[in-house]
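Structure file data.cif; described as mmCIF, C-alpha atoms.
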data_coords
loop_
_atom_site.group_PDB
_atom_site.id
_atom_site.type_symbol
_atom_site.label_atom_id
_atom_site.label_comp_id
_atom_site.auth_asym_id
_atom_site.auth_seq_id
_atom_site.Cartn_x
_atom_site.Cartn_y
_atom_site.Cartn_z
ATOM 1 C CA MET U 294 6.388 -17.717 30.739
ATOM 2 C CA VAL U 295 7.000 -14.211 29.371
ATOM 3 C CA ALA U 296 4.057 -12.879 27.389
ATOM 4 C CA GLY U 297 4.542 -13.215 23.675
ATOM 5 C CA THR U 298 7.462 -15.684 23.878
ATOM 6 C CA GLY U 299 5.352 -18.844 23.600
ATOM 7 C CA ILE U 300 2.823 -20.169 21.110
ATOM 8 C CA ALA U 301 0.326 -17.433 21.993
ATOM 9 C CA GLY U 302 2.681 -14.753 20.673
ATOM 10 C CA LYS U 303 2.920 -16.533 17.308
ATOM 11 C CA LEU U 304 -0.779 -17.050 16.679
ATOM 12 C CA PRO U 305 -1.875 -14.831 13.750
ATOM 13 C CA TRP U 306 -4.835 -13.347 15.631
ATOM 14 C CA ASN U 307 -2.729 -12.266 18.628
ATOM 15 C CA ASP U 308 -0.427 -9.278 18.985
ATOM 16 C CA ARG U 309 3.295 -9.538 19.746
ATOM 17 C CA ALA U 310 2.550 -9.775 23.477
ATOM 18 C CA GLY U 311 0.303 -12.791 22.940
ATOM 19 C CA ARG U 312 -2.929 -10.868 23.550
ATOM 20 C CA PHE U 313 -5.975 -11.310 21.337
ATOM 21 C CA ALA U 314 -6.053 -8.554 18.692
ATOM 22 C CA PRO U 315 -9.586 -7.963 17.333
ATOM 23 C CA LEU U 316 -8.271 -6.071 14.295
ATOM 24 C CA LYS U 317 -6.012 -8.945 13.270
ATOM 25 C CA ALA U 318 -8.788 -11.470 13.842
ATOM 26 C CA ALA U 319 -11.151 -9.407 11.671
ATOM 27 C CA ALA U 320 -8.505 -9.201 8.930
ATOM 28 C CA LEU U 321 -8.059 -12.983 8.986
ATOM 29 C CA VAL U 322 -11.807 -13.448 8.590
ATOM 30 C CA LEU U 323 -11.953 -10.961 5.719
ATOM 31 C CA VAL U 324 -9.102 -12.540 3.744
ATOM 32 C CA SER U 325 -10.724 -15.958 4.183
ATOM 33 C CA LEU U 326 -14.151 -14.932 2.864
ATOM 34 C CA PRO U 327 -13.334 -14.987 -0.885
ATOM 35 C CA ALA U 328 -11.837 -18.482 -0.618
ATOM 36 C CA LEU U 329 -14.805 -19.713 1.433
ATOM 37 C CA TRP U 330 -17.218 -18.184 -1.098
ATOM 38 C CA LEU U 331 -15.399 -19.983 -3.931
ATOM 39 C CA ILE U 332 -15.509 -23.309 -2.084
ATOM 40 C CA VAL U 333 -19.233 -22.946 -1.359
ATOM 41 C CA LYS U 334 -19.981 -22.042 -4.986
ATOM 42 C CA ALA U 335 -17.926 -24.985 -6.236
ATOM 43 C CA LEU U 336 -19.658 -27.438 -3.908
ATOM 44 C CA SER U 337 -23.089 -26.060 -4.803
ATOM 45 C CA GLY U 338 -22.455 -26.307 -8.544
ATOM 46 C CA GLY U 339 -21.858 -22.641 -9.391
ATOM 47 C CA MET U 340 -18.568 -20.829 -9.872
ATOM 48 C CA GLY U 341 -19.910 -17.425 -10.747
ATOM 49 C CA PRO U 342 -23.119 -15.360 -10.879
ATOM 50 C CA GLY U 343 -25.295 -16.602 -13.704
ATOM 51 C CA GLN U 344 -22.674 -19.090 -14.918
ATOM 52 C CA VAL U 345 -22.659 -22.868 -15.220
ATOM 53 C CA ALA U 346 -19.793 -24.147 -13.144
ATOM 54 C CA ILE U 347 -19.214 -27.644 -14.461
ATOM 55 C CA GLY U 348 -18.179 -27.481 -18.081
ATOM 56 C CA PRO U 349 -15.306 -28.639 -20.269
ATOM 57 C CA ARG U 350 -12.848 -26.583 -18.154
ATOM 58 C CA PRO U 351 -14.374 -26.179 -14.686
ATOM 59 C CA PHE U 352 -11.259 -24.603 -13.152
ATOM 60 C CA ASN U 353 -11.218 -21.517 -15.379
ATOM 61 C CA GLU U 354 -13.545 -19.386 -13.293
ATOM 62 C CA ALA U 355 -11.807 -20.393 -10.067
ATOM 63 C CA ILE U 356 -8.385 -19.575 -11.535
ATOM 64 C CA ARG U 357 -9.594 -16.160 -12.667
ATOM 65 C CA PHE U 358 -11.328 -15.507 -9.346
ATOM 66 C CA LEU U 359 -8.219 -16.318 -7.291
ATOM 67 C CA GLY U 360 -6.009 -14.248 -9.567
ATOM 68 C CA GLY U 361 -8.300 -11.257 -9.245
ATOM 69 C CA TRP U 362 -8.355 -11.479 -5.473
ATOM 70 C CA THR U 363 -4.573 -11.725 -5.400
ATOM 71 C CA ILE U 364 -4.407 -8.258 -6.938
ATOM 72 C CA TYR U 365 -7.144 -6.855 -4.699
ATOM 73 C CA LEU U 366 -5.283 -8.098 -1.633
ATOM 74 C CA LEU U 367 -2.099 -6.472 -2.910
ATOM 75 C CA LEU U 368 -3.984 -3.208 -3.394
ATOM 76 C CA ILE U 369 -5.374 -3.456 0.144
ATOM 77 C CA THR U 370 -1.823 -4.045 1.407
ATOM 78 C CA LEU U 371 -0.667 -0.905 -0.418
ATOM 79 C CA ALA U 372 -3.632 1.012 1.024
ATOM 80 C CA ILE U 373 -2.524 0.416 4.622
ATOM 81 C CA THR U 374 0.044 3.238 4.656
ATOM 82 C CA PRO U 375 -2.299 5.951 3.270
ATOM 83 C CA ALA U 376 -5.108 4.793 5.556
ATOM 84 C CA ARG U 377 -2.887 4.987 8.642
ATOM 85 C CA ARG U 378 -1.945 8.566 7.845
ATOM 86 C CA LEU U 379 -5.245 9.901 6.534
ATOM 87 C CA PHE U 380 -7.475 8.261 9.152
ATOM 88 C CA ASP U 381 -4.968 8.477 12.040
ATOM 89 C CA TRP U 382 -5.301 4.716 12.510
ATOM 90 C CA SER U 383 -1.846 3.538 13.550
ATOM 91 C CA LYS U 384 -2.988 0.037 14.518
ATOM 92 C CA LEU U 385 -3.566 -0.809 10.843
ATOM 93 C CA ILE U 386 0.115 -1.711 10.671
ATOM 94 C CA GLN U 387 -0.855 -4.898 12.546
ATOM 95 C CA VAL U 388 -2.721 -6.272 9.526
ATOM 96 C CA ARG U 389 -0.418 -5.318 6.634
ATOM 97 C CA ARG U 390 1.489 -8.586 6.839
ATOM 98 C CA ILE U 391 -1.777 -10.556 6.966
ATOM 99 C CA PHE U 392 -2.997 -9.057 3.687
ATOM 100 C CA GLY U 393 0.400 -9.410 2.025
ATOM 101 C CA VAL U 394 0.829 -13.070 2.979
ATOM 102 C CA SER U 395 -2.790 -13.738 1.982
ATOM 103 C CA ALA U 396 -2.010 -12.394 -1.487
ATOM 104 C CA LEU U 397 0.805 -14.955 -1.677
ATOM 105 C CA VAL U 398 -1.561 -17.747 -0.602
ATOM 106 C CA TYR U 399 -4.113 -16.737 -3.240
ATOM 107 C CA ILE U 400 -1.577 -16.550 -6.068
ATOM 108 C CA LEU U 401 -0.181 -19.951 -5.076
ATOM 109 C CA ALA U 402 -3.722 -21.373 -5.197
ATOM 110 C CA HIS U 403 -4.229 -19.606 -8.547
ATOM 111 C CA PHE U 404 -1.094 -21.219 -9.975
ATOM 112 C CA THR U 405 -1.824 -24.613 -8.419
ATOM 113 C CA LEU U 406 -5.252 -24.763 -10.059
ATOM 114 C CA TYR U 407 -3.660 -23.802 -13.375
ATOM 115 C CA VAL U 408 -1.227 -26.715 -13.010
ATOM 116 C CA ILE U 409 -4.105 -29.071 -12.136
ATOM 117 C CA ASP U 410 -6.102 -27.790 -15.112
ATOM 118 C CA SER U 411 -3.036 -28.612 -17.234
ATOM 119 C CA ARG U 412 -3.309 -32.238 -16.023
ATOM 120 C CA LEU U 413 -0.245 -31.836 -13.792
ATOM 121 C CA ASP U 414 1.958 -31.756 -16.883
ATOM 122 C CA LEU U 415 4.800 -29.602 -15.538
ATOM 123 C CA ALA U 416 6.705 -29.749 -18.824
ATOM 124 C CA PHE U 417 3.657 -28.329 -20.618
ATOM 125 C CA VAL U 418 3.231 -25.655 -17.946
ATOM 126 C CA ALA U 419 6.893 -24.617 -18.242
ATOM 127 C CA LYS U 420 6.617 -24.487 -22.033
ATOM 128 C CA GLU U 421 3.472 -22.350 -21.857
ATOM 129 C CA ILE U 422 5.122 -19.931 -19.422
ATOM 130 C CA VAL U 423 8.092 -19.493 -21.776
ATOM 131 C CA LEU U 424 6.001 -19.137 -24.943
ATOM 132 C CA ARG U 425 3.071 -17.045 -23.680
ATOM 133 C CA VAL U 426 4.036 -13.540 -22.580
ATOM 134 C CA TYR U 427 1.053 -13.043 -20.242
ATOM 135 C CA LEU U 428 1.900 -16.284 -18.427
ATOM 136 C CA LEU U 429 5.548 -15.255 -18.120
ATOM 137 C CA ILE U 430 4.449 -11.930 -16.611
ATOM 138 C CA GLY U 431 2.145 -13.702 -14.164
ATOM 139 C CA PHE U 432 4.834 -16.226 -13.209
ATOM 140 C CA THR U 433 7.300 -13.384 -12.586
ATOM 141 C CA ALA U 434 4.780 -11.809 -10.208
ATOM 142 C CA LEU U 435 4.378 -15.196 -8.483
ATOM 143 C CA VAL U 436 8.146 -15.564 -7.945
ATOM 144 C CA GLY U 437 8.332 -11.998 -6.664
ATOM 145 C CA LEU U 438 5.551 -12.596 -4.147
ATOM 146 C CA ILE U 439 7.253 -15.780 -2.947
ATOM 147 C CA VAL U 440 10.440 -13.785 -2.310
ATOM 148 C CA LEU U 441 8.505 -11.156 -0.361
ATOM 149 C CA GLY U 442 6.617 -13.838 1.566
ATOM 150 C CA VAL U 443 9.789 -15.676 2.574
ATOM 151 C CA THR U 444 11.374 -12.429 3.789
ATOM 152 C CA SER U 445 8.296 -11.123 5.607
ATOM 153 C CA THR U 446 9.159 -12.615 9.000
ATOM 154 C CA ASP U 447 10.621 -10.646 11.910
ATOM 155 C CA GLY U 448 13.737 -12.792 11.717
ATOM 156 C CA MET U 449 14.340 -11.828 8.088
ATOM 157 C CA VAL U 450 13.812 -8.159 8.907
ATOM 158 C CA LYS U 451 16.611 -8.389 11.492
ATOM 159 C CA ARG U 452 18.831 -10.420 9.190
ATOM 160 C CA LEU U 453 18.480 -8.070 6.210
ATOM 161 C CA GLY U 454 18.350 -4.856 8.203
ATOM 162 C CA ALA U 455 15.531 -2.348 8.038
ATOM 163 C CA ILE U 456 16.942 -0.364 5.088
ATOM 164 C CA ARG U 457 17.621 -3.359 2.834
ATOM 165 C CA TRP U 458 14.339 -4.988 3.860
ATOM 166 C CA ASN U 459 12.358 -1.881 2.947
ATOM 167 C CA ARG U 460 14.123 -1.613 -0.401
ATOM 168 C CA LEU U 461 13.404 -5.249 -1.173
ATOM 169 C CA HIS U 462 9.739 -4.981 -0.236
ATOM 170 C CA LYS U 463 9.225 -2.016 -2.524
ATOM 171 C CA LEU U 464 9.172 -4.702 -5.206
ATOM 172 C CA VAL U 465 5.506 -5.016 -4.284
ATOM 173 C CA TYR U 466 4.889 -1.982 -6.512
ATOM 174 C CA VAL U 467 6.357 -3.759 -9.537
ATOM 175 C CA ILE U 468 4.665 -7.054 -8.635
ATOM 176 C CA THR U 469 1.250 -5.389 -8.413
ATOM 177 C CA ALA U 470 1.782 -3.673 -11.768
ATOM 178 C CA LEU U 471 2.796 -6.995 -13.354
ATOM 179 C CA GLY U 472 -0.260 -8.689 -11.851
ATOM 180 C CA ILE U 473 -2.566 -6.049 -13.309
ATOM 181 C CA LEU U 474 -0.882 -6.307 -16.731
ATOM 182 C CA HIS U 475 -1.271 -10.102 -16.596
ATOM 183 C CA TYR U 476 -4.970 -9.609 -15.851
ATOM 184 C CA TYR U 477 -5.333 -7.245 -18.832
ATOM 185 C CA MET U 478 -3.723 -9.712 -21.214
ATOM 186 C CA GLN U 479 -5.700 -12.648 -19.868
ATOM 187 C CA SER U 480 -8.999 -10.752 -19.992
ATOM 188 C CA LYS U 481 -8.496 -9.755 -23.661
ATOM 189 C CA ILE U 482 -11.776 -7.956 -24.508
ATOM 190 C CA ASP U 483 -13.626 -7.167 -21.260
ATOM 191 C CA VAL U 484 -11.022 -5.367 -19.166
ATOM 192 C CA THR U 485 -13.389 -3.656 -16.715
ATOM 193 C CA GLN U 486 -11.829 -5.296 -13.673
ATOM 194 C CA PRO U 487 -8.165 -4.672 -14.568
ATOM 195 C CA VAL U 488 -9.038 -1.074 -15.490
ATOM 196 C CA LEU U 489 -10.600 -0.630 -12.063
ATOM 197 C CA MET U 490 -7.475 -2.130 -10.484
ATOM 198 C CA THR U 491 -5.362 0.265 -12.552
ATOM 199 C CA GLY U 492 -7.271 3.229 -11.165
ATOM 200 C CA PHE U 493 -6.880 2.165 -7.544
ATOM 201 C CA PHE U 494 -3.199 1.406 -8.121
ATOM 202 C CA ALA U 495 -2.719 4.842 -9.721
ATOM 203 C CA TRP U 496 -4.288 6.528 -6.689
ATOM 204 C CA LEU U 497 -2.142 4.560 -4.239
ATOM 205 C CA MET U 498 1.091 5.207 -6.123
ATOM 206 C CA GLY U 499 0.116 8.839 -6.675
ATOM 207 C CA TYR U 500 -0.394 9.237 -2.950
ATOM 208 C CA ARG U 501 3.109 7.926 -2.290
ATOM 209 C CA LEU U 502 4.596 10.415 -4.741
ATOM 210 C CA MET U 503 2.531 13.176 -3.148
ATOM 211 C CA ALA U 504 3.575 12.179 0.397
ATOM 212 C CA ALA U 505 7.249 12.065 -0.625
ATOM 213 C CA ARG U 506 6.921 15.742 -1.518
ATOM 214 C CA GLY U 507 5.411 16.606 1.846
ATOM 215 C CA TYR U 508 1.696 16.435 0.971
ATOM 216 C CA LYS U 509 0.595 13.588 3.222
ATOM 217 C CA GLU U 510 -2.912 15.003 3.670
ATOM 218 C CA GLY U 511 -5.005 18.042 2.816
ATOM 219 C CA LEU U 512 -8.204 18.748 0.935
ATOM 220 C CA VAL U 513 -6.704 20.207 -2.249
ATOM 221 C CA PRO U 514 -3.916 17.609 -2.732
ATOM 222 C CA LEU U 515 -6.347 14.723 -2.202
ATOM 223 C CA LEU U 516 -8.892 16.233 -4.582
ATOM 224 C CA VAL U 517 -6.221 16.698 -7.250
ATOM 225 C CA LEU U 518 -5.015 13.142 -6.688
ATOM 226 C CA SER U 519 -8.533 11.678 -6.951
ATOM 227 C CA VAL U 520 -9.381 13.536 -10.158
ATOM 228 C CA SER U 521 -5.992 12.684 -11.687
ATOM 229 C CA ALA U 522 -6.369 8.981 -10.857
ATOM 230 C CA ALA U 523 -9.864 8.953 -12.402
ATOM 231 C CA LEU U 524 -8.635 10.643 -15.593
ATOM 232 C CA LEU U 525 -5.724 8.199 -15.797
ATOM 233 C CA THR U 526 -8.178 5.315 -15.377
ATOM 234 C CA ALA U 527 -10.312 6.555 -18.275
ATOM 235 C CA ALA U 528 -7.196 7.063 -20.400
ATOM 236 C CA ALA U 529 -5.903 3.565 -19.613
ATOM 237 C CA GLU U 530 -9.237 2.006 -20.579
ATOM 238 C CA ALA U 531 -9.396 3.958 -23.834
ATOM 239 C CA ALA U 532 -5.783 3.147 -24.703
ATOM 240 C CA TRP U 533 -6.224 -0.570 -24.065
ATOM 241 C CA TYR U 534 -9.377 -0.863 -26.159
ATOM 242 C CA GLY U 535 -7.775 1.259 -28.867
ATOM 243 C CA ILE U 536 -4.721 -1.005 -29.044
ATOM 244 C CA ALA U 537 -6.408 -4.366 -28.449
ATOM 245 C CA THR U 538 -9.524 -3.941 -30.599
ATOM 246 C CA GLY U 539 -8.655 -1.204 -33.054
ATOM 247 C CA ILE U 540 -11.951 0.619 -32.413
ATOM 248 C CA GLY U 541 -10.103 3.789 -31.474
ATOM 249 C CA ALA U 542 -9.785 5.594 -28.170
ATOM 250 C CA TRP U 543 -12.682 8.042 -28.523
ATOM 251 C CA ARG U 544 -15.512 5.515 -28.184
ATOM 252 C CA PRO U 545 -14.267 4.127 -24.832
ATOM 253 C CA LEU U 546 -13.666 7.687 -23.619
ATOM 254 C CA LEU U 547 -17.180 8.769 -24.590
ATOM 255 C CA ALA U 548 -18.583 5.664 -22.870
ATOM 256 C CA ASN U 549 -17.626 7.332 -19.576
ATOM 257 C CA LEU U 550 -20.350 9.892 -20.239
ATOM 258 C CA ASP U 551 -23.031 7.287 -20.949
ATOM 259 C CA PHE U 552 -24.658 5.983 -17.747
ATOM 260 C CA SER U 553 -27.470 4.055 -19.429
ATOM 261 C CA TYR U 554 -25.525 0.789 -19.621
ATOM 262 C CA SER U 555 -22.990 0.784 -16.784
ATOM 263 C CA ILE U 556 -20.844 3.069 -14.676
ATOM 264 C CA ARG U 557 -17.293 2.979 -16.008
ATOM 265 C CA PRO U 558 -14.319 2.263 -13.694
ATOM 266 C CA ALA U 559 -13.069 5.870 -13.795
ATOM 267 C CA TRP U 560 -16.172 7.027 -11.914
ATOM 268 C CA TRP U 561 -15.726 4.357 -9.233
ATOM 269 C CA VAL U 562 -12.104 5.433 -8.765
ATOM 270 C CA LEU U 563 -13.203 9.062 -8.483
ATOM 271 C CA ALA U 564 -15.945 8.137 -5.998
ATOM 272 C CA ALA U 565 -13.495 6.144 -3.862
ATOM 273 C CA GLY U 566 -10.961 8.975 -3.918
ATOM 274 C CA LEU U 567 -13.568 11.576 -2.956
ATOM 275 C CA ALA U 568 -14.844 9.320 -0.157
ATOM 276 C CA VAL U 569 -11.318 9.008 1.262
ATOM 277 C CA THR U 570 -10.879 12.781 0.986
ATOM 278 C CA PHE U 571 -14.174 13.455 2.765
ATOM 279 C CA VAL U 572 -13.507 11.007 5.619
ATOM 280 C CA SER U 573 -9.957 12.323 6.054
ATOM 281 C CA GLU U 574 -11.152 15.931 6.276
ATOM 282 C CA LEU U 575 -13.992 14.963 8.619
ATOM 283 C CA ARG U 576 -11.528 13.164 10.884
ATOM 284 C CA LYS U 577 -9.307 16.259 11.045
ATOM 285 C CA ARG U 578 -12.239 18.510 11.979
ATOM 286 C CA LEU U 579 -13.634 16.172 14.621
ATOM 287 C CA LYS U 580 -10.273 15.362 16.197
ATOM 288 C CA PRO U 581 -9.802 17.163 19.530
ATOM 289 C CA ARG U 582 -7.093 19.778 19.320
ATOM 290 C CA SER U 583 -4.057 19.447 21.581
ATOM 291 C CA ALA U 584 -3.243 21.985 24.295
ATOM 292 C CA PRO U 585 -0.489 23.703 22.222
ATOM 293 C CA GLN U 586 -2.907 24.082 19.289
ATOM 294 C CA GLN U 587 -5.541 25.570 21.578
ATOM 295 C CA ARG U 588 -3.017 28.060 22.993
ATOM 296 C CA ARG U 589 -1.907 29.094 19.501
ATOM 297 C CA THR U 590 -5.532 29.609 18.449
ATOM 298 C CA ALA U 591 -6.241 31.698 21.587
ATOM 299 C CA ALA U 592 -3.103 33.769 21.025
ATOM 300 C CA GLY U 593 -4.146 34.424 17.445
ATOM 301 C CA ARG U 594 -7.525 35.725 18.571
ATOM 302 C CA ALA U 595 -6.059 37.965 21.255
#

As structure tokens, please, write out the structure in this file.
Amino acid sequence: MVAGTGIAGKLPWNDRAGRFAPLKAAALVLVSLPALWLIVKALSGGMGPGQVAIGPRPFNEAIRFLGGWTIYLLLITLAITPARRLFDWSKLIQVRRIFGVSALVYILAHFTLYVIDSRLDLAFVAKEIVLRVYLLIGFTALVGLIVLGVTSTDGMVKRLGAIRWNRLHKLVYVITALGILHYYMQSKIDVTQPVLMTGFFAWLMGYRLMAARGYKEGLVPLLVLSVSAALLTAAAEAAWYGIATGIGAWRPLLANLDFSYSIRPAWWVLAAGLAVTFVSELRKRLKPRSAPQQRRTAAGRA
């Protein structure tokens, strides 16, 4: 049997040739950990740190948890392209589909638990989706992810063609934005997590705009991107609290300068961006130079 043409070539932890791929196996373990953690917490009587799991609506924390991880998995999927370029790690392409499909699995579980929590009353669920804007936004993201999941196979890539397939799968940008907006509207007052997601999403989309203009790496562009994403994160937090609570934008903005209570999301986004910048620059300096580069350097010194 030709390698990769049998069952071995279709197993998710193997590469296309049917050989065991440690990176894919590690990715499968990682995407399974949040679900396993949730199951363990549910079986042990706790659905969240410091919270009582079994109450009048025991599914709420699980629904929120799965929804949050759906967005984080989408952000990780979007991070594959920058990471491949900045860290010179081409094999990361092997795991992009794993993270994308896992996001679909998590959002399906998220929606399924919502239906169960609604006592399997599909008419009620449909009515709520139509009447509640945040549910309509979330359901739109769900449908979009299903479309991307169905068309994620190699067969669909060939059927659609690479150009049309790539255009279709750019919908992931819109889907991620809708998911974050849904999280904002569902969170209402405490929007720390969706603000953090906004910051990471801003960095990832900013990198794509930067790369499209030829700046795929470099100390100054990455520093500018990281600072800009952090400022946008702080602005988004201030704007949301100003609109949703009426307390004004200045108090949330000033909270970014107060470290006595908590570190605001903008600082975490900045720290993550600076860490990526540092590792990328370190990789460039430690990478052995090719023979042509060495000859050019020697010629310049002559």

Residues in the PyMOL selection byres ((chain U and resi 546) around 9), expressed as a list in words = Ala527, Ala528, Glu530, Ala531, Ala542, Trp543, Arg544, Pro545, Leu547, Ala548, Asn549 and Leu550 of chain U

Save out the residues we just selected, C-alpha atoms, as a tab-separated table (two decimals), keeping the file's coordinate frame.
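In the end it all went to result13.tsv:
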chain	number	residue	atom	x	y	z
U	527	ALA	CA	-10.31	6.56	-18.27
U	528	ALA	CA	-7.20	7.06	-20.40
U	530	GLU	CA	-9.24	2.01	-20.58
U	531	ALA	CA	-9.40	3.96	-23.83
U	542	ALA	CA	-9.78	5.59	-28.17
U	543	TRP	CA	-12.68	8.04	-28.52
U	544	ARG	CA	-15.51	5.52	-28.18
U	545	PRO	CA	-14.27	4.13	-24.83
U	547	LEU	CA	-17.18	8.77	-24.59
U	548	ALA	CA	-18.58	5.66	-22.87
U	549	ASN	CA	-17.63	7.33	-19.58
U	550	LEU	CA	-20.35	9.89	-20.24

Need the axis-aligned box for stretch 551-567 of chain U with 8 Å each side, so what are the centre and edges in Å to one decimal, as lines of an AutoDock Vina configuration file?
center_x = -19.2
center_y = 6.2
center_z = -12.0
size_x = 32.5
size_y = 26.8
size_z = 34.0

Who sits within 10 Å of U:Phe494, all atoms listed in the file, same chain under 5 positions skipped, as a PyMOL selection string = chain U and resi 364-365+367-369+371-372+466+469-470+473+488-489+499-500+522+526+562

Please, could you write that set of residues out with C-alpha atoms as a PDB file, in the coordinates of the input?
ATOM      1  CA  ILE U 364      -4.407  -8.258  -6.938  1.00  0.00           C
ATOM      2  CA  TYR U 365      -7.144  -6.855  -4.699  1.00  0.00           C
ATOM      3  CA  LEU U 367      -2.099  -6.472  -2.910  1.00  0.00           C
ATOM      4  CA  LEU U 368      -3.984  -3.208  -3.394  1.00  0.00           C
ATOM      5  CA  ILE U 369      -5.374  -3.456   0.144  1.00  0.00           C
ATOM      6  CA  LEU U 371      -0.667  -0.905  -0.418  1.00  0.00           C
ATOM      7  CA  ALA U 372      -3.632   1.012   1.024  1.00  0.00           C
ATOM      8  CA  TYR U 466       4.889  -1.982  -6.512  1.00  0.00           C
ATOM      9  CA  THR U 469       1.250  -5.389  -8.413  1.00  0.00           C
ATOM     10  CA  ALA U 470       1.782  -3.673 -11.768  1.00  0.00           C
ATOM     11  CA  ILE U 473      -2.566  -6.049 -13.309  1.00  0.00           C
ATOM     12  CA  VAL U 488      -9.038  -1.074 -15.490  1.00  0.00           C
ATOM     13  CA  LEU U 489     -10.600  -0.630 -12.063  1.00  0.00           C
ATOM     14  CA  GLY U 499       0.116   8.839  -6.675  1.00  0.00           C
ATOM     15  CA  TYR U 500      -0.394   9.237  -2.950  1.00  0.00           C
ATOM     16  CA  ALA U 522      -6.369   8.981 -10.857  1.00  0.00           C
ATOM     17  CA  THR U 526      -8.178   5.315 -15.377  1.00  0.00           C
ATOM     18  CA  VAL U 562     -12.104   5.433  -8.765  1.00  0.00           C
TER      19      VAL U 562
END

ask   = Residues picked by the PyMOL selection byres ((chain U and resi 374) around 10) here, as a VMD selection string?
value = chain U and resid 369 to 373 375 to 379 382 to 383 385 to 386 389 497 500 to 501

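Of note, atom CA of U:Phe417 and atom CA of U:Gly393 are spaced 29.7 Å apart.
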
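Taking atom CA of U:Met490 as the reference point, atom CA of U:Val322 is found at 22.6 Å.
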
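Between atom CA of U:Asp447 and atom CA of U:Ile400 the separation is 22.5 Å.
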
With 10 Å as the cut-off and all atoms listed in the file counted, what is the closest atom pair between each nearby residue of stretch 392-449 of chain U and stretch 476-485 of chain U? Distances in Å to one decimal, ordered by chain and number, as a tab-separated table.
residue	atom	partner	partner_atom	distance
U:Val426	CA	U:Met478	CA	8.8
U:Tyr427	CA	U:Met478	CA	5.9
U:Leu428	CA	U:Gln479	CA	8.5
U:Ile430	CA	U:Met478	CA	9.6
U:Gly431	CA	U:Tyr476	CA	8.4

task = Take the point (-5.2, -9.1, 12.9) in the file's coordinates, draw a sphere of radius 6 Å around it, and report as a ChimeraX atom specification every protein, DNA or RNA residue with an atom inside or on it, counting all atoms listed in the file.
result = /U:306,314,316-318,320,388

Within 12 Å of file point (0.1, -23.8, -9.5), counting all atoms listed in the file, expressed as a PyMOL selection string = chain U and resi 352+356+359-360+397-415+418-419+422+428+431-432+435-436

task = Measuring atom to atom with only C-alpha atoms, identify which of U:Leu304, U:Leu512, U:Ala495, U:Ala355 is nearest to U:Lys577.
result = U:Leu512

request  = Show which residues sit within 8 Å of U:Trp362, as a ChimeraX atom specification. Count all atoms listed in the file, and ignore same-chain residues fewer than 4 positions away.
outcome  = /U:327,358,366,396,399

The selected residues should be written to file as a PDB file, in the coordinates of the input (atoms: C-alpha atoms).
ATOM      1  CA  PRO U 327     -13.334 -14.987  -0.885  1.00  0.00           C
ATOM      2  CA  PHE U 358     -11.328 -15.507  -9.346  1.00  0.00           C
ATOM      3  CA  LEU U 366      -5.283  -8.098  -1.633  1.00  0.00           C
ATOM      4  CA  ALA U 396      -2.010 -12.394  -1.487  1.00  0.00           C
ATOM      5  CA  TYR U 399      -4.113 -16.737  -3.240  1.00  0.00           C
TER       6      TYR U 399
END

task = May I ask which of the residues U:Pro305, U:Ser553, U:Ala504, U:Leu563 is the closest one to U:Ser521, counting only C-alpha atoms?
result = U:Leu563
